[in-house]
Each structure stands twice: as C-alpha cells, then as structure tokens.
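All remarks here apply to the structure that follows.
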Amino acid sequence: MRPFKTQLLKWIGNKQRFAHEIASFFPRDIRVYREPFLGSGAILAAFQPPKAVGSDVFKPLMDIWQMLRNNPATLVEWYRSRYDRFHKLGRPEGYEAIKADYNASPNGADLLFLCRSCYGGVVRFRKADGYMSTPCGIHDPISSMSFAERVDIWRRRTSGADFVCLDYREAFASSREKDLIYCDPPYADCQNILYGGQNFNLASLFQEIAEAKNRGVRIALSIDGTKKSGNHICKLEIPEGIFEREVFVNCGRSMLRRFQLLGETLEDEIVHDRLLLTY
Ligand SMILES: C[S@@+](CC[C@H](N)C(=O)[O-])C[C@H]1O[C@@H](n2cnc3c(N)ncnc32)[C@H](O)[C@@H]1O
C-alpha cells in the first residue's frame, strides 16, 4: 500500500498520514468495504476498494461526499465561490461571513470551505446547539485550482463508493459475511465536544461489533491507545473475546493538543493509535 497524503477535507482526528499503514492490515477478499465513521475519508481513499459504502451521521459532511460522487464540478464550484468571497471581503471578515451562513443553515458547501480555512483545520462545534465555533486560520486556504485537482484525484480513488448519511448502527445492519467494516469512532471521552456534540457510546459500538463478527463480518477498529490530553489519559475498557489481534500505528503529534495550544507544537505529544482486528 503506497502512502496517499493529499487531503480533500481537513477533519479533526483524520488519519491521512498513516492511512496506508492502517489499510495494509485489511484482508484482500472483501465483498463490500464499509466505513461508518467516514469523516474526511482518508482510509477509504488510501485503500481504493472496488465496492464500498462510506457513511457518517453528520449530514453537512455527507452532502460533500455525495456531491463528489454525483457532481464533482459543483463541488469545485462550491469551493471556488467561497474562496472568491473570502478574498473579496478579506480575513477574517470573509471567513466570518461564510461561518455565519453555515451557522444560520448548516450545509455542505460552506462546511467545505470552512474546514479548509479554519484555525488548525480543527472544525469544532458547540455542544449545546451545534454552532461552528472555530476562528479563522492563519494559513492561506488552497487555491480553487489546487482544490479542483484534488477533486479529480479523490473522485477516481473513491469511484467504487456510495455515500450515505447514517448512524453507524444502521451501517452495521447492512453488513454481510465477507464485508470489512473499518471503524474510526470519536475518541470515547476526549472528543465529546467535537463533531457537533453527537452522543457516542463506545459500549454500544462493541456490542455491534460482536454481533457483526458472529455474522462473518470482519471489523478493524481504530482506537485511541495512549492519548494524553494535559494530565488526562483516556482510559478504555476493551471487552474480552471480540478481537483476535492488536497493532499499534504511530499517529504523530496530537491535533487536539495543538489546537489547545493555539498553534504551538509540543514535541513530546505523540499519539499511538491502536488498531484492533476481529480476524
Ligand atoms: C474520528 S472521526 C473519523 C475520522 C476519519 N477516519 C478521517 O480520517 O477523517 C469520527 C467521525 O464519526 C462521526 N460520528 C460520530 N458519531 C457517529 C455516529 N453515531 N454514527 C456515525 N458517525 C458518527 C463524526 O461525525 C466523525 O466524522
């Protein structure tokens, strides 16, 4: 598996840099590849499965994926029109105007530009009401031409995929023998402020995984291994008997931590992802 590091979207917790490492642990005889916590789709695009379903519960995000599949030219236009507005109004006014539109009516077109231009690429939502709160980034968002090139690349790499807005439990319900489900859920107790404040419960995910495994579905689960957030270490109880193997994947420096430090990096903030495999 060759590294594929060109991002289409910026997304908190994205696995772009080591997606190829994770995908190298997937079996080769997959009927349908399913990714029910799709986010920025890093693993799907690195793996390029011939038949896949990518899903996520976050509707504005899935609007972007569906537009990539059905009308990539419109996706490019979504980005171009916001990029032009951003430059016309200046920074941060242009960004704030687009953010205000998004918050008045959450939609994929505004989210697309916001995720590429927000501070640290960390799209954050207020838990109470889903308000997108990240300030304007200090970097220059990629040009419309560069974005269009990425759309071409990503459209090709995801050509085997359908995109649906679903809770992960519905995605699990569609799985059959010989499918592979790759799960990258929100970090159980460290990411509850992110992703629009959706309530995610890891115990229910383990239950879904156990049931799917009994039907002959194979599951690979990325889970926070040794994440430190200040003095807080995320603790996880992994039930016995579901997983056959466990590997560590090096994830580099923690994005969350970087955001908290407002752009400063911390050399010792290394996060290892655990990859648990039911096969
Ligand atoms: C850690 S991110 C996935 C990152 C992804 N692997 C990437 O490389 O960008 C977790 C995703 O789970 C989604 N999510 C949260 N709760 C969910 C649920 N109940 N069902 C489906 N997706 C959910 C969030 O919207 C978020 O995009």
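By convention in this document, the chains of the structure tokens carry letters A, B, ... by their order, each chain's residues are numbered from 1, and ligands are numbered from 1 in the order they are shown.
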Problem set entry | Test item: residues at most 8 Å from stretch 127-144 of chain A, only C-alpha atoms, excluding those fewer than 6 positions along its chain, as a list in words | Val76, Tyr79, Arg80, Tyr83, Arg91, Pro92, Tyr95, Glu96, Lys99, Tyr102, Asn103, Arg116, Ser117, Cys118, Tyr119, Gly120, Gly121, Ile193, Leu194, Gly196 and Gly197 of chain A
For C-alpha atoms, I'd like the residues from the last selection saved as a PDB file, in the first residue's frame.
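Output (result_33.pdb):
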```
ATOM      1  CA  VAL A  76     -15.390  22.610  -7.226  1.00  0.00           C
ATOM      2  CA  TYR A  79     -15.215  25.854  -3.085  1.00  0.00           C
ATOM      3  CA  ARG A  80     -14.437  28.452  -5.768  1.00  0.00           C
ATOM      4  CA  TYR A  83     -12.765  31.159  -1.871  1.00  0.00           C
ATOM      5  CA  ARG A  91      -9.506  37.941   6.505  1.00  0.00           C
ATOM      6  CA  PRO A  92     -11.164  37.303   8.908  1.00  0.00           C
ATOM      7  CA  TYR A  95     -14.309  33.677   6.786  1.00  0.00           C
ATOM      8  CA  GLU A  96     -16.721  35.013   9.428  1.00  0.00           C
ATOM      9  CA  LYS A  99     -19.242  30.835   9.047  1.00  0.00           C
ATOM     10  CA  TYR A 102     -23.163  27.985   7.834  1.00  0.00           C
ATOM     11  CA  ASN A 103     -24.429  28.569  11.361  1.00  0.00           C
ATOM     12  CA  ARG A 116     -10.075  24.106   4.689  1.00  0.00           C
ATOM     13  CA  SER A 117      -9.684  27.616   6.135  1.00  0.00           C
ATOM     14  CA  CYS A 118     -10.413  27.361   9.876  1.00  0.00           C
ATOM     15  CA  TYR A 119      -7.789  27.570  12.590  1.00  0.00           C
ATOM     16  CA  GLY A 120      -5.565  24.477  12.645  1.00  0.00           C
ATOM     17  CA  GLY A 121      -8.052  22.619  10.425  1.00  0.00           C
ATOM     18  CA  ILE A 193     -17.013  18.317  22.327  1.00  0.00           C
ATOM     19  CA  LEU A 194     -16.355  17.681  18.659  1.00  0.00           C
ATOM     20  CA  GLY A 196     -21.500  18.570  16.525  1.00  0.00           C
ATOM     21  CA  GLY A 197     -21.937  17.173  20.017  1.00  0.00           C
TER      22      GLY A 197
END
```
Exercise. So which residues are near ligand 1, meaning at most 7 Å away with only C-alpha atoms and all ligand atoms counted, given back as a ChimeraX atom specification?
Worked result: /A:11-16,36-43,55-58,166-169,184-187,195,198-200
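Counting only C-alpha atoms, A:Glu35 has the following residues at most 7 Å away, ignoring those fewer than 5 positions along the same chain: Val53, Gly54, Ser55, Ile181, Tyr182 and Cys183 of chain A.
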Problem set entry | stretch 15-262 of chain A: residues DSSP assigns to helix (DSSP H, G or I), reported as a PyMOL selection string | chain A and resi 16-23+42-47+59-70+72-89+93-104+108-117+119-121+144-157+168-173+195-197+202-214+255-260
Just the selected residues (C-alpha atoms), exported as a tab-separated table (two decimals), in the first residue's frame, please.
```
chain	number	residue	atom	x	y	z
A	16	GLN	CA	-4.45	10.81	6.30
A	17	ARG	CA	-0.79	10.47	7.22
A	18	PHE	CA	-0.91	6.82	8.20
A	19	ALA	CA	-3.99	5.70	6.25
A	20	HIS	CA	-1.86	3.40	4.10
A	21	GLU	CA	-0.44	1.76	7.25
A	22	ILE	CA	-3.92	1.06	8.59
A	23	ALA	CA	-5.21	-0.21	5.22
A	42	ALA	CA	-8.68	9.21	4.49
A	43	ILE	CA	-8.68	5.42	4.78
A	44	LEU	CA	-11.22	4.86	2.03
A	45	ALA	CA	-9.19	6.94	-0.43
A	46	ALA	CA	-5.89	5.27	0.53
A	47	PHE	CA	-7.41	1.79	0.20
A	59	LYS	CA	-25.35	15.50	7.28
A	60	PRO	CA	-23.41	18.58	6.02
A	61	LEU	CA	-20.33	16.37	5.73
A	62	MET	CA	-22.19	13.70	3.78
A	63	ASP	CA	-23.54	16.41	1.43
A	64	ILE	CA	-19.91	16.99	0.41
A	65	TRP	CA	-19.26	13.30	-0.24
A	66	GLN	CA	-22.46	12.87	-2.19
A	67	MET	CA	-21.59	15.87	-4.35
A	68	LEU	CA	-18.13	14.44	-5.02
A	69	ARG	CA	-19.80	11.29	-6.30
A	70	ASN	CA	-22.71	12.81	-8.22
A	72	PRO	CA	-17.75	16.90	-8.84
A	73	ALA	CA	-17.91	20.09	-10.94
A	74	THR	CA	-20.45	21.52	-8.49
A	75	LEU	CA	-18.19	20.61	-5.58
A	76	VAL	CA	-15.39	22.61	-7.23
A	77	GLU	CA	-17.81	25.50	-7.73
A	78	TRP	CA	-18.85	25.35	-4.05
A	79	TYR	CA	-15.21	25.85	-3.09
A	80	ARG	CA	-14.44	28.45	-5.77
A	81	SER	CA	-17.36	30.75	-4.88
A	82	ARG	CA	-16.47	30.75	-1.17
A	83	TYR	CA	-12.77	31.16	-1.87
A	84	ASP	CA	-13.55	34.25	-4.00
A	85	ARG	CA	-15.81	35.70	-1.31
A	86	PHE	CA	-13.15	35.07	1.34
A	87	HIS	CA	-10.61	37.05	-0.69
A	88	LYS	CA	-13.04	39.81	-1.61
A	89	LEU	CA	-14.06	40.52	1.99
A	93	GLU	CA	-14.33	39.07	7.61
A	94	GLY	CA	-14.74	36.73	4.61
A	95	TYR	CA	-14.31	33.68	6.79
A	96	GLU	CA	-16.72	35.01	9.43
A	97	ALA	CA	-19.37	35.75	6.77
A	98	ILE	CA	-19.18	32.17	5.48
A	99	LYS	CA	-19.24	30.83	9.05
A	100	ALA	CA	-22.35	32.94	9.80
A	101	ASP	CA	-24.08	31.48	6.72
A	102	TYR	CA	-23.16	27.99	7.83
A	103	ASN	CA	-24.43	28.57	11.36
A	104	ALA	CA	-27.69	30.06	10.09
A	108	GLY	CA	-22.01	21.10	2.89
A	109	ALA	CA	-20.92	23.99	0.63
A	110	ASP	CA	-19.96	26.31	3.50
A	111	LEU	CA	-18.56	23.49	5.61
A	112	LEU	CA	-16.26	22.53	2.74
A	113	PHE	CA	-14.57	25.94	2.70
A	114	LEU	CA	-14.63	26.36	6.49
A	115	CYS	CA	-12.85	23.07	7.09
A	116	ARG	CA	-10.08	24.11	4.69
A	117	SER	CA	-9.68	27.62	6.13
A	119	TYR	CA	-7.79	27.57	12.59
A	120	GLY	CA	-5.57	24.48	12.64
A	121	GLY	CA	-8.05	22.62	10.42
A	144	SER	CA	-9.54	26.84	-6.32
A	145	MET	CA	-7.34	25.25	-8.99
A	146	SER	CA	-5.50	23.14	-6.46
A	147	PHE	CA	-8.82	22.12	-4.91
A	148	ALA	CA	-10.14	21.12	-8.36
A	149	GLU	CA	-7.09	18.90	-8.89
A	150	ARG	CA	-7.75	17.21	-5.57
A	151	VAL	CA	-11.36	16.64	-6.51
A	152	ASP	CA	-10.21	14.78	-9.66
A	153	ILE	CA	-7.86	12.60	-7.67
A	154	TRP	CA	-10.39	11.84	-4.95
A	155	ARG	CA	-13.22	11.19	-7.41
A	156	ARG	CA	-11.06	8.50	-9.06
A	157	ARG	CA	-9.92	6.98	-5.80
A	168	TYR	CA	-23.17	3.72	12.44
A	169	ARG	CA	-25.75	1.25	13.78
A	170	GLU	CA	-27.68	1.43	10.51
A	171	ALA	CA	-24.43	0.96	8.60
A	172	PHE	CA	-23.66	-2.17	10.65
A	173	ALA	CA	-27.16	-3.50	10.00
A	195	TYR	CA	-18.44	16.52	15.72
A	196	GLY	CA	-21.50	18.57	16.52
A	197	GLY	CA	-21.94	17.17	20.02
A	202	LEU	CA	-18.38	3.07	22.89
A	203	ALA	CA	-20.06	0.18	24.73
A	204	SER	CA	-22.83	0.09	22.09
A	205	LEU	CA	-20.22	0.03	19.34
A	206	PHE	CA	-18.54	-3.00	20.94
A	207	GLN	CA	-21.93	-4.73	21.02
A	208	GLU	CA	-22.50	-4.01	17.30
A	209	ILE	CA	-19.01	-5.31	16.52
A	210	ALA	CA	-19.60	-8.56	18.43
A	211	GLU	CA	-22.90	-9.17	16.62
A	212	ALA	CA	-21.44	-8.41	13.19
A	213	LYS	CA	-18.47	-10.68	13.86
A	214	ASN	CA	-20.90	-13.52	14.59
A	255	MET	CA	-4.06	17.74	16.57
A	256	LEU	CA	-6.28	18.32	19.57
A	257	ARG	CA	-3.37	19.26	21.73
A	258	ARG	CA	-2.03	21.56	19.03
A	259	PHE	CA	-5.32	23.36	18.89
A	260	GLN	CA	-5.43	23.82	22.63
```
Exercise. When you draw a straight line from atom CA of A:Arg2 to atom CA of A:Arg34, how long is it in Å?
Worked result: 20.5 Å
Problem set entry | Point-to-point distance from atom CA of A:Lys51 to atom CA of A:Ala220, Å rounded to tenths | 17.1 Å
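The nearest approach to A:Ser222 among the residues A:Arg274, A:Arg28, A:Lys10, A:Arg126, with only C-alpha atoms taken into account, belongs to A:Arg274.
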For this session: Just the residues within 10 Å of A:Arg215, please, counting only C-alpha atoms, with nothing from its chain fewer than 5 positions along; format it as a VMD selection string.
Result: chain A and resid 175 to 179 209 to 210
For this session: Excluding A:Tyr279 and any residue of its chain fewer than 4 positions from it, enumerate the residues within 10 Å of it, using only C-alpha atoms, and give them as a VMD selection string.
Result: chain A and resid 26 to 27 213 216 to 220 242 to 245
Saved selection, atoms kept: N, CA and C atoms, as a PDB file, in the first residue's frame:
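The result, stored in part39.pdb:
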```pdb
ATOM      1  N   PHE A  26      -5.807  -4.689   6.207  1.00  0.00           N
ATOM      2  CA  PHE A  26      -7.128  -5.154   5.761  1.00  0.00           C
ATOM      3  C   PHE A  26      -6.983  -6.437   4.941  1.00  0.00           C
ATOM      4  N   PRO A  27      -7.988  -7.335   5.033  1.00  0.00           N
ATOM      5  CA  PRO A  27      -7.929  -8.542   4.196  1.00  0.00           C
ATOM      6  C   PRO A  27      -8.115  -8.197   2.721  1.00  0.00           C
ATOM      7  N   LYS A 213     -19.490  -9.623  13.951  1.00  0.00           N
ATOM      8  CA  LYS A 213     -18.468 -10.678  13.861  1.00  0.00           C
ATOM      9  C   LYS A 213     -19.148 -12.057  13.811  1.00  0.00           C
ATOM     10  N   GLY A 216     -20.050 -13.197  10.437  1.00  0.00           N
ATOM     11  CA  GLY A 216     -18.968 -13.404   9.456  1.00  0.00           C
ATOM     12  C   GLY A 216     -18.411 -12.117   8.880  1.00  0.00           C
ATOM     13  N   VAL A 217     -18.795 -10.983   9.474  1.00  0.00           N
ATOM     14  CA  VAL A 217     -18.239  -9.692   9.044  1.00  0.00           C
ATOM     15  C   VAL A 217     -16.903  -9.501   9.768  1.00  0.00           C
ATOM     16  N   ARG A 218     -15.920  -8.960   9.060  1.00  0.00           N
ATOM     17  CA  ARG A 218     -14.649  -8.654   9.722  1.00  0.00           C
ATOM     18  C   ARG A 218     -14.611  -7.163  10.065  1.00  0.00           C
ATOM     19  N   ILE A 219     -14.060  -6.877  11.224  1.00  0.00           N
ATOM     20  CA  ILE A 219     -14.063  -5.472  11.673  1.00  0.00           C
ATOM     21  C   ILE A 219     -12.655  -5.061  12.105  1.00  0.00           C
ATOM     22  N   ALA A 220     -12.241  -3.897  11.652  1.00  0.00           N
ATOM     23  CA  ALA A 220     -10.988  -3.286  12.117  1.00  0.00           C
ATOM     24  C   ALA A 220     -11.385  -2.008  12.843  1.00  0.00           C
ATOM     25  N   ILE A 242     -13.612 -10.377  21.652  1.00  0.00           N
ATOM     26  CA  ILE A 242     -14.081  -9.861  20.353  1.00  0.00           C
ATOM     27  C   ILE A 242     -12.921  -9.778  19.366  1.00  0.00           C
ATOM     28  N   PHE A 243     -11.774  -9.323  19.836  1.00  0.00           N
ATOM     29  CA  PHE A 243     -10.670  -9.044  18.908  1.00  0.00           C
ATOM     30  C   PHE A 243      -9.611 -10.143  18.966  1.00  0.00           C
ATOM     31  N   GLU A 244      -9.072 -10.461  17.788  1.00  0.00           N
ATOM     32  CA  GLU A 244      -8.064 -11.522  17.687  1.00  0.00           C
ATOM     33  C   GLU A 244      -6.660 -10.936  17.721  1.00  0.00           C
ATOM     34  N   ARG A 245      -6.520  -9.708  17.257  1.00  0.00           N
ATOM     35  CA  ARG A 245      -5.189  -9.105  17.132  1.00  0.00           C
ATOM     36  C   ARG A 245      -5.233  -7.632  17.465  1.00  0.00           C
TER      37      ARG A 245
END
```
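Atom to atom, atom CA of A:Ile223 and atom CA of A:Leu276 stand 7.6 Å apart.
When DSSP reads the backbone of this structure, the residues of stretch 42-184 of chain A it assigns to strand (DSSP E) are Ala52, Val53, Gly54, Ser55, Asp56, Ala161, Asp162, Phe163, Val164, Cys165, Leu180, Ile181, Tyr182 and Cys183 of chain A.
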Seminar exercise, completed: Judged by only C-alpha atoms, the minimum distance to A:Val249 among A:Phe25, A:Cys165, A:Val122, A:Gln48 is found for A:Phe25
